[in-house]
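What's in model.cif: mmCIF, C-alpha atoms and all ligand atoms
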```cif
data_coords
#
loop_
_atom_site.label_atom_id
_atom_site.label_comp_id
_atom_site.auth_asym_id
_atom_site.auth_seq_id
_atom_site.Cartn_x
_atom_site.Cartn_y
_atom_site.Cartn_z
CA MET A 1 -26.28 27.19 15.82
CA LYS A 2 -23.44 28.21 13.49
CA TRP A 3 -19.68 27.90 13.59
CA THR A 4 -16.85 28.99 11.31
CA VAL A 5 -13.83 26.69 11.06
CA LYS A 6 -10.49 28.34 10.33
CA ILE A 7 -6.95 27.05 10.06
CA GLU A 8 -3.92 29.17 10.77
CA ARG A 9 -0.41 28.75 9.49
CA ILE A 10 2.68 30.63 10.61
CA ASP A 11 5.23 30.86 7.82
CA GLU A 12 9.00 30.86 8.18
CA ALA A 13 9.05 34.67 8.50
CA GLY A 14 6.60 34.45 11.42
CA ASN A 15 3.59 35.79 9.49
CA LEU A 16 0.18 34.38 10.35
CA HIS A 17 -2.04 33.17 7.50
CA SER A 18 -5.63 32.45 8.45
CA THR A 19 -8.03 30.66 6.09
CA THR A 20 -11.67 29.84 6.55
CA VAL A 21 -12.17 26.21 5.62
CA GLY A 22 -15.87 25.87 6.26
CA HIS A 23 -19.01 26.60 8.17
CA ILE A 24 -21.03 24.28 10.36
CA GLU A 25 -24.68 24.60 11.13
CA ARG A 26 -26.23 22.26 13.70
CA PRO A 27 -29.51 22.41 15.61
CA GLU A 28 -29.76 23.04 19.34
CA LEU A 29 -29.67 19.85 21.34
CA THR A 30 -33.16 18.38 21.50
CA SER A 31 -32.48 14.76 20.54
CA GLU A 32 -29.62 12.29 20.54
CA ALA A 33 -29.17 12.78 16.81
CA ASP A 34 -28.35 16.47 17.29
CA LEU A 35 -25.13 15.96 19.22
CA GLY A 36 -21.95 17.11 17.51
CA LEU A 37 -21.04 16.84 13.86
CA THR A 38 -22.58 14.41 11.43
CA HIS A 39 -20.51 12.02 9.36
CA ASP A 40 -21.09 14.24 6.31
CA ASP A 41 -20.01 17.36 8.24
CA GLY A 42 -16.80 15.57 9.17
CA LYS A 43 -16.10 14.47 5.61
CA TYR A 44 -16.75 17.97 4.28
CA LEU A 45 -14.44 19.63 6.81
CA ILE A 46 -11.57 17.18 6.58
CA ARG A 47 -11.65 17.44 2.80
CA ARG A 48 -11.42 21.21 2.99
CA VAL A 49 -8.57 21.09 5.52
CA GLN A 50 -6.75 18.56 3.34
CA ALA A 51 -7.11 20.78 0.27
CA GLU A 52 -5.75 23.84 2.12
CA VAL A 53 -2.80 22.03 3.69
CA ALA A 54 -1.87 20.35 0.40
CA GLN A 55 -2.15 23.63 -1.51
CA ASP A 56 0.29 25.33 0.87
CA GLN A 57 2.73 22.42 0.55
CA VAL A 58 2.52 22.45 -3.24
CA HIS A 59 2.98 26.20 -3.39
CA ALA A 60 6.08 25.98 -1.16
CA LEU A 61 7.57 23.19 -3.24
CA ILE A 62 7.00 24.97 -6.56
CA SER A 63 8.65 28.15 -5.22
CA LYS A 64 11.64 26.10 -4.12
CA VAL A 65 12.18 24.08 -7.30
CA ARG A 66 11.57 26.99 -9.65
CA SER A 67 15.07 28.32 -9.02
CA CYS A 68 17.62 26.72 -11.31
CA ARG A 69 19.84 24.32 -9.41
CA CYS A 70 22.85 25.31 -11.52
CA CYS A 71 22.73 29.13 -11.57
CA GLY A 72 19.95 30.04 -9.12
CA HIS A 73 17.88 32.05 -11.64
CA LEU A 74 14.11 31.86 -11.53
CA ARG A 75 12.92 29.76 -14.48
CA SER A 76 9.87 30.80 -16.52
CA ILE A 77 6.79 28.66 -16.37
CA LYS A 78 6.25 26.95 -19.71
CA GLU A 79 2.83 25.54 -18.98
CA HIS A 80 0.38 25.59 -16.09
CA ARG A 81 -1.18 22.22 -15.56
CA ARG A 82 -3.32 20.56 -12.94
CA ARG A 83 -2.64 17.05 -11.72
CA ARG A 84 -5.21 14.98 -9.89
CA ILE A 85 -3.86 13.26 -6.78
CA ASP A 86 -6.03 10.94 -4.69
CA THR A 87 -5.63 11.08 -0.92
CA VAL A 88 -7.51 9.46 1.94
CA PHE A 89 -9.16 12.81 2.57
CA GLY A 90 -10.33 13.59 -0.92
CA HIS A 91 -9.15 14.09 -4.45
CA LEU A 92 -6.94 17.08 -5.05
CA ARG A 93 -6.27 18.95 -8.25
CA ILE A 94 -2.86 20.37 -7.57
CA HIS A 95 -0.90 22.95 -9.54
CA ALA A 96 1.71 21.09 -11.59
CA PRO A 97 3.62 23.62 -13.74
CA ARG A 98 6.34 22.79 -16.22
CA PHE A 99 9.34 25.09 -16.42
CA GLU A 100 11.26 26.45 -19.41
CA ALA A 101 14.87 25.44 -19.90
CA CYS A 102 17.17 27.81 -18.02
CA GLY A 103 19.34 30.36 -19.88
CA CYS A 104 22.41 28.76 -18.32
CA GLY A 105 21.83 25.64 -20.38
CA ARG A 106 20.15 23.41 -17.81
CA PRO A 107 17.48 21.53 -19.79
CA ALA A 108 13.76 21.73 -18.99
CA ALA A 109 12.69 18.87 -16.76
CA SER A 110 9.26 17.35 -16.58
CA SER A 111 6.81 18.68 -14.02
CA PRO A 112 8.17 18.25 -10.47
CA MET A 113 4.69 17.15 -9.37
CA ALA A 114 4.63 14.41 -11.99
CA VAL A 115 7.96 13.18 -10.67
CA LEU A 116 6.78 13.31 -7.06
CA PHE A 117 3.46 11.56 -7.68
CA PRO A 118 3.97 8.87 -10.34
CA HIS A 119 1.04 6.87 -8.92
CA ARG A 120 -1.29 9.89 -8.69
CA ALA A 121 -2.23 8.79 -5.19
CA THR A 122 -0.62 8.99 -1.76
CA PRO A 123 0.94 5.77 -0.43
CA GLU A 124 -1.47 5.90 2.53
CA LEU A 125 -4.49 5.69 0.23
CA ARG A 126 -2.90 3.00 -1.93
CA HIS A 127 -2.16 0.87 1.14
CA LEU A 128 -5.71 1.31 2.38
CA GLN A 129 -7.13 0.25 -0.97
CA VAL A 130 -4.84 -2.76 -1.09
CA ARG A 131 -5.66 -3.82 2.48
CA LEU A 132 -9.39 -3.64 1.79
CA GLY A 133 -9.02 -5.15 -1.67
CA CYS A 134 -7.33 -8.20 -0.15
CA LYS A 135 -10.12 -8.77 2.37
CA PHE A 136 -13.22 -7.94 0.34
CA SER A 137 -14.28 -8.08 -3.27
CA TYR A 138 -13.00 -5.10 -5.25
CA GLN A 139 -16.56 -3.81 -5.52
CA GLN A 140 -17.12 -4.07 -1.76
CA ALA A 141 -13.75 -2.45 -1.02
CA ALA A 142 -14.63 0.51 -3.26
CA GLY A 143 -18.04 0.76 -1.55
CA ILE A 144 -16.45 0.92 1.91
CA LEU A 145 -14.05 3.65 0.81
CA ASN A 146 -16.86 5.68 -0.70
CA GLU A 147 -18.90 5.28 2.43
CA PHE A 148 -16.27 6.49 4.85
CA LEU A 149 -13.90 8.74 2.95
CA PRO A 150 -14.70 12.23 1.72
CA GLU A 151 -15.72 12.87 -1.88
CA LEU A 152 -18.04 10.11 -2.77
CA SER A 153 -18.34 7.88 -5.80
CA CYS A 154 -14.80 8.41 -7.06
CA PHE A 155 -13.46 5.05 -5.92
CA ASN A 156 -14.41 2.15 -8.12
CA HIS A 157 -13.59 -1.53 -8.25
CA ALA A 158 -11.18 -1.07 -11.17
CA THR A 159 -8.93 1.34 -9.23
CA THR A 160 -8.94 -0.99 -6.23
CA ARG A 161 -8.15 -4.02 -8.40
CA ASN A 162 -5.37 -2.20 -10.26
CA ARG A 163 -3.71 -1.13 -7.02
CA VAL A 164 -3.94 -4.61 -5.50
CA LEU A 165 -2.51 -6.11 -8.69
CA ALA A 166 0.29 -3.52 -8.75
CA VAL A 167 1.33 -4.57 -5.24
CA GLY A 168 1.10 -8.22 -6.30
CA LYS A 169 3.41 -7.54 -9.25
CA ALA A 170 5.90 -5.75 -7.01
CA ILE A 171 5.91 -8.67 -4.54
CA GLU A 172 6.32 -11.11 -7.42
CA ALA A 173 9.28 -9.18 -8.83
CA GLU A 174 10.88 -9.02 -5.39
CA THR A 175 10.37 -12.76 -4.82
CA ARG A 176 11.77 -13.73 -8.23
CA ALA A 177 14.81 -11.52 -7.67
CA GLU A 178 15.39 -13.16 -4.28
CA ILE A 179 15.04 -16.62 -5.78
CA ALA A 180 17.45 -15.79 -8.62
CA GLU A 181 20.03 -14.35 -6.26
CA LYS A 182 19.52 -16.56 -3.18
CA PRO A 183 21.38 -14.05 -1.03
CA LYS A 184 23.32 -15.20 2.00
CA VAL A 185 21.15 -14.79 5.09
CA GLU A 186 22.53 -12.19 7.44
CA LYS A 187 22.26 -13.15 11.11
CA PRO A 188 20.49 -16.48 10.58
CA VAL A 189 18.24 -17.62 13.43
CA ASP A 190 19.09 -20.69 15.53
CA HIS A 191 15.63 -22.15 15.44
CA MET A 192 12.59 -21.70 13.23
CA THR A 193 9.11 -23.21 13.45
CA VAL A 194 6.94 -23.48 10.36
CA GLY A 195 3.26 -24.42 10.51
CA ILE A 196 2.15 -25.67 7.10
CA ASP A 197 -1.18 -26.75 5.62
CA GLY A 198 -2.87 -27.08 2.25
CA ALA A 199 -6.29 -26.16 0.87
CA PHE A 200 -7.86 -27.41 -2.35
CA VAL A 201 -9.66 -24.99 -4.62
CA LYS A 202 -12.15 -26.74 -6.85
CA ALA A 203 -12.33 -25.81 -10.51
CA THR A 204 -15.35 -23.75 -11.53
CA ARG A 205 -15.10 -24.95 -15.15
CA SER A 206 -15.19 -21.37 -16.30
CA LYS A 207 -12.82 -20.25 -19.00
CA ASN A 208 -10.55 -18.75 -16.33
CA GLN A 209 -10.21 -21.82 -14.16
CA ARG A 210 -10.41 -25.37 -15.47
CA LYS A 211 -8.17 -27.20 -13.03
CA ASN A 212 -8.44 -27.98 -9.34
CA PHE A 213 -5.43 -26.71 -7.50
CA GLU A 214 -3.95 -26.76 -4.05
CA ILE A 215 -2.68 -23.78 -2.13
CA VAL A 216 0.04 -24.43 0.41
CA LEU A 217 -0.05 -21.97 3.28
CA GLY A 218 2.34 -21.52 6.11
CA ARG A 219 3.34 -19.42 9.06
CA ILE A 220 6.96 -18.96 10.07
CA GLU A 221 7.83 -18.20 13.67
CA THR A 222 11.28 -17.32 14.92
CA CYS A 223 12.41 -16.05 18.28
CA GLY A 224 12.72 -12.27 18.37
CA ARG A 225 11.42 -11.64 14.85
CA GLN A 226 8.04 -10.80 13.45
CA GLU A 227 6.17 -13.85 12.22
CA LYS A 228 5.83 -14.23 8.48
CA ILE A 229 3.23 -15.99 6.36
CA PHE A 230 3.59 -17.48 2.89
CA ALA A 231 1.43 -19.15 0.28
CA ALA A 232 2.12 -20.93 -3.00
CA VAL A 233 0.05 -22.80 -5.58
CA ARG A 234 1.41 -26.32 -5.43
CA ASP A 235 1.16 -27.89 -8.87
CA LEU A 236 0.47 -25.08 -11.33
CA ASP A 237 3.38 -22.89 -10.31
CA ASP A 238 6.87 -24.11 -11.23
CA LEU A 239 8.35 -21.78 -8.66
CA ALA A 240 6.15 -22.95 -5.75
CA ARG A 241 8.90 -24.79 -3.88
CA GLU A 242 11.38 -21.96 -4.41
CA ARG A 243 8.84 -19.42 -3.16
CA VAL A 244 8.48 -21.28 0.12
CA ARG A 245 12.25 -21.61 0.50
CA SER A 246 12.59 -17.90 -0.29
CA ALA A 247 10.06 -17.06 2.42
CA LEU A 248 12.09 -19.09 4.93
CA ARG A 249 15.34 -17.43 3.89
CA SER A 250 13.87 -13.96 4.25
CA ALA A 251 12.61 -14.96 7.70
CA GLY A 252 16.21 -15.77 8.69
CA ARG A 253 16.80 -19.41 7.80
CA GLY A 254 20.47 -20.13 7.30
CA PRO A 255 22.29 -23.45 6.60
CA ALA A 256 22.57 -24.19 10.33
CA THR A 257 19.07 -23.15 11.37
CA ASN A 258 17.21 -25.91 13.18
CA LEU A 259 13.79 -26.17 11.54
CA THR A 260 10.63 -27.68 13.03
CA VAL A 261 7.69 -28.19 10.73
CA LEU A 262 4.21 -28.60 12.16
CA SER A 263 1.68 -30.20 9.86
CA ASP A 264 -1.52 -32.14 10.39
CA GLY A 265 0.30 -35.38 9.64
CA GLU A 266 -1.36 -35.95 6.25
CA ASP A 267 1.07 -38.10 4.21
CA ALA A 268 1.26 -35.98 1.06
CA MET A 269 1.78 -32.81 3.06
CA ARG A 270 4.46 -34.46 5.23
CA LEU A 271 6.24 -35.66 2.12
CA MET A 272 6.00 -32.29 0.44
CA ALA A 273 7.16 -30.42 3.54
CA GLY A 274 10.18 -32.73 3.75
CA GLN A 275 11.13 -32.21 0.10
CA TRP A 276 10.39 -28.52 -0.16
CA LEU A 277 11.99 -27.51 3.08
CA ASN A 278 15.15 -29.45 2.37
CA GLY A 279 15.17 -32.05 5.10
CA ARG A 280 15.79 -31.36 8.79
CA VAL A 281 12.05 -31.64 9.34
CA GLU A 282 10.21 -32.87 12.40
CA HIS A 283 6.53 -33.51 12.86
CA PRO A 284 6.03 -33.36 16.60
CA PHE A 285 2.28 -32.85 16.41
CA ALA A 286 0.75 -35.33 14.00
CA LEU A 287 -2.92 -34.69 14.69
CA ARG A 288 -4.28 -37.86 13.22
ZN ZN B 301 20.33 28.04 -14.68
#
```
Take the structure in this file and express it as structure tokens.
Amino acid sequence: MKWTVKIERIDEAGNLHSTTVGHIERPELTSEADLGLTHDDGKYLIRRVQAEVAQDQVHALISKVRSCRCCGHLRSIKEHRRRRIDTVFGHLRIHAPRFEACGCGRPAASSPMAVLFPHRATPELRHLQVRLGCKFSYQQAAGILNEFLPELSCFNHATTRNRVLAVGKAIEAETRAEIAEKPKVEKPVDHMTVGIDGAFVKATRSKNQRKNFEIVLGRIETCGRQEKIFAAVRDLDDLARERVRSALRSAGRGPATNLTVLSDGEDAMRLMAGQWLNGRVEHPFALR
């Protein structure tokens, strides 16, 4: 059996544009495997739909930005380029022209597509890569993406690693800025509960890791706010204590917030929690 899949768009003037995005061929139903589309059929179709939708969007944007913002004249195209953008539904090669300077004196800007897509990937795909890259090895994360997303074999561990590291750098910059500024907490919470624990990571004696270290992990709970988690490397990171305090501030801890710390009662952890969290600490559930 055969089908043709079309998408239709109605433009602002009310005109209908119909485009064939693909054809499907499936056998008549004689076994359970014959029912509906296959995974590959789905990937093929969604990739084609994505390409069509994106092309229409790009075309509309280019038409809009081609007019000079100062005088309204249509600028000449200096250079036709293609820019590769990764999306969850396939890799696109979009039209990314550069325009000549306008006669009115407005200088030539860089390609509007380059400005719009500095990361060459949609945020949705980057978030997906980061989420998987945090849970699996970079290699496994790339394998999962290749398995389920259209256009195989284009995701690799290096892209996944780079995107995870980019997010890590952004979080680091944000945390350091918060620590440097220590902004006043707006609407501090009355009470905050922090569960805190530590985990030792043994040295592998490789050139990358020669020392054992301890990671301090915690969960912050406050009434009416989303819970927040934090982690810091205890001895190797000079900013560890400040990171934890920063996490508490951004969760709403003000000078008058009543803080309860839950730990397993281990002496070193109790001591550290007391020092790092600036007093006002209780240990109502010493488990040992
Ligand atoms: Zn102009």
Among listed residues A:Lys43, A:Gly105, A:Gln50, A:Ser76, nearest ligand ZN 301 (chain B) (using all atoms listed in the file)
A:Gly105
I'd like the contact shell of Gly195 in chain A - 7 Å cut-off, all atoms listed in the file, skipping same-chain residues fewer than 5 positions apart - returned as number ranges by chain.
A: 218-220, 261-263
From (7.3, -18.1, 9.2), in the file's coordinates, out to 8 Å: which residues are reached, counting all atoms listed in the file? Answer as a PyMOL selection string.
chain A and resi 192-195+218-222+227-230+247-248+251
Residues at most 12 Å from Arg69 in chain A, counting all atoms listed in the file, excluding those fewer than 3 positions away in the same chain, as a VMD selection string?
chain A and resid 64 to 66 72 to 75 101 to 102 104 to 109
Those same residues - C-alpha atoms - I'd like them written as a PDB file, in the coordinates of the input.
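Final output, saved to result11.pdb:
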```pdb
ATOM      1  CA  LYS A  64      11.640  26.100  -4.120  1.00  0.00           C
ATOM      2  CA  VAL A  65      12.180  24.080  -7.300  1.00  0.00           C
ATOM      3  CA  ARG A  66      11.570  26.990  -9.650  1.00  0.00           C
ATOM      4  CA  GLY A  72      19.950  30.040  -9.120  1.00  0.00           C
ATOM      5  CA  HIS A  73      17.880  32.050 -11.640  1.00  0.00           C
ATOM      6  CA  LEU A  74      14.110  31.860 -11.530  1.00  0.00           C
ATOM      7  CA  ARG A  75      12.920  29.760 -14.480  1.00  0.00           C
ATOM      8  CA  ALA A 101      14.870  25.440 -19.900  1.00  0.00           C
ATOM      9  CA  CYS A 102      17.170  27.810 -18.020  1.00  0.00           C
ATOM     10  CA  CYS A 104      22.410  28.760 -18.320  1.00  0.00           C
ATOM     11  CA  GLY A 105      21.830  25.640 -20.380  1.00  0.00           C
ATOM     12  CA  ARG A 106      20.150  23.410 -17.810  1.00  0.00           C
ATOM     13  CA  PRO A 107      17.480  21.530 -19.790  1.00  0.00           C
ATOM     14  CA  ALA A 108      13.760  21.730 -18.990  1.00  0.00           C
ATOM     15  CA  ALA A 109      12.690  18.870 -16.760  1.00  0.00           C
TER      16      ALA A 109
END
```
When you draw a straight line from CA of Lys78 in chain A to CA of Ala54 in chain A, how long is it in Å?
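Distance reported for this atom pair: 22.7 Å.
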From the list A:Lys187, A:Arg82, A:Arg93, A:Arg243, which residue is nearest Leu217 in chain A when using all atoms listed in the file?
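Of A:Lys187, A:Arg82, A:Arg93, A:Arg243, the one nearest Leu217 in chain A, counting all atoms listed in the file, is A:Arg243.
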Name the closest residue to Asp197 in chain A among the candidates A:Gly168, A:Glu151, A:Lys184, A:Arg270; distances are taken between atoms, counting all atoms listed in the file.
A:Arg270
Here is a test: counting only C-alpha atoms and all ligand atoms, which residue of A:Thr257, A:Ser67, A:Asn278, A:Thr19 is nearest to ligand ZN 301 (chain B)?
A:Ser67
Expressed in Å to a single decimal, how great is the separation between CA of Ala141 in chain A and CA of Asn162 in chain A?
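Interatomic distance here is 12.5 Å.
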Nearest candidate to ligand ZN 301 (chain B) (options A:Tyr138, A:Phe99, A:Phe148, A:Phe200; using all atoms listed in the file)
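Selected residue with least distance to ligand ZN 301 (chain B): A:Phe99.
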I'd like to know which of A:Leu116, A:Ala51, A:Ala180, A:Cys71 is closest to ligand ZN 301 (chain B), using all atoms listed in the file.
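Distance minimum relative to ligand ZN 301 (chain B) lands on A:Cys71.
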Residues within 10 Å of (3.4, 13.8, -11.2), file coords, only C-alpha atoms, listed as a list in words:
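Every residue inside that radius is included here: Arg82, Arg83, Arg84, Ile85, Ile94, Ala96, Ser110, Ser111, Pro112, Met113, Ala114, Val115, Leu116, Phe117, Pro118, His119, Arg120 and Ala121 of chain A.
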Next, the residues of the selection above should be written as a short mmCIF file (atom, residue, chain, number, x, y, z; two decimals), keeping the file's coordinate frame with C-alpha atoms.
```
data_model
loop_
_atom_site.label_atom_id
_atom_site.label_comp_id
_atom_site.auth_asym_id
_atom_site.auth_seq_id
_atom_site.Cartn_x
_atom_site.Cartn_y
_atom_site.Cartn_z
CA ARG A 82 -3.32 20.56 -12.94
CA ARG A 83 -2.64 17.05 -11.72
CA ARG A 84 -5.21 14.98 -9.89
CA ILE A 85 -3.86 13.26 -6.78
CA ILE A 94 -2.86 20.37 -7.57
CA ALA A 96 1.71 21.09 -11.59
CA SER A 110 9.26 17.35 -16.58
CA SER A 111 6.81 18.68 -14.02
CA PRO A 112 8.17 18.25 -10.47
CA MET A 113 4.69 17.15 -9.37
CA ALA A 114 4.63 14.41 -11.99
CA VAL A 115 7.96 13.18 -10.67
CA LEU A 116 6.78 13.31 -7.06
CA PHE A 117 3.46 11.56 -7.68
CA PRO A 118 3.97 8.87 -10.34
CA HIS A 119 1.04 6.87 -8.92
CA ARG A 120 -1.29 9.89 -8.69
CA ALA A 121 -2.23 8.79 -5.19
#
```
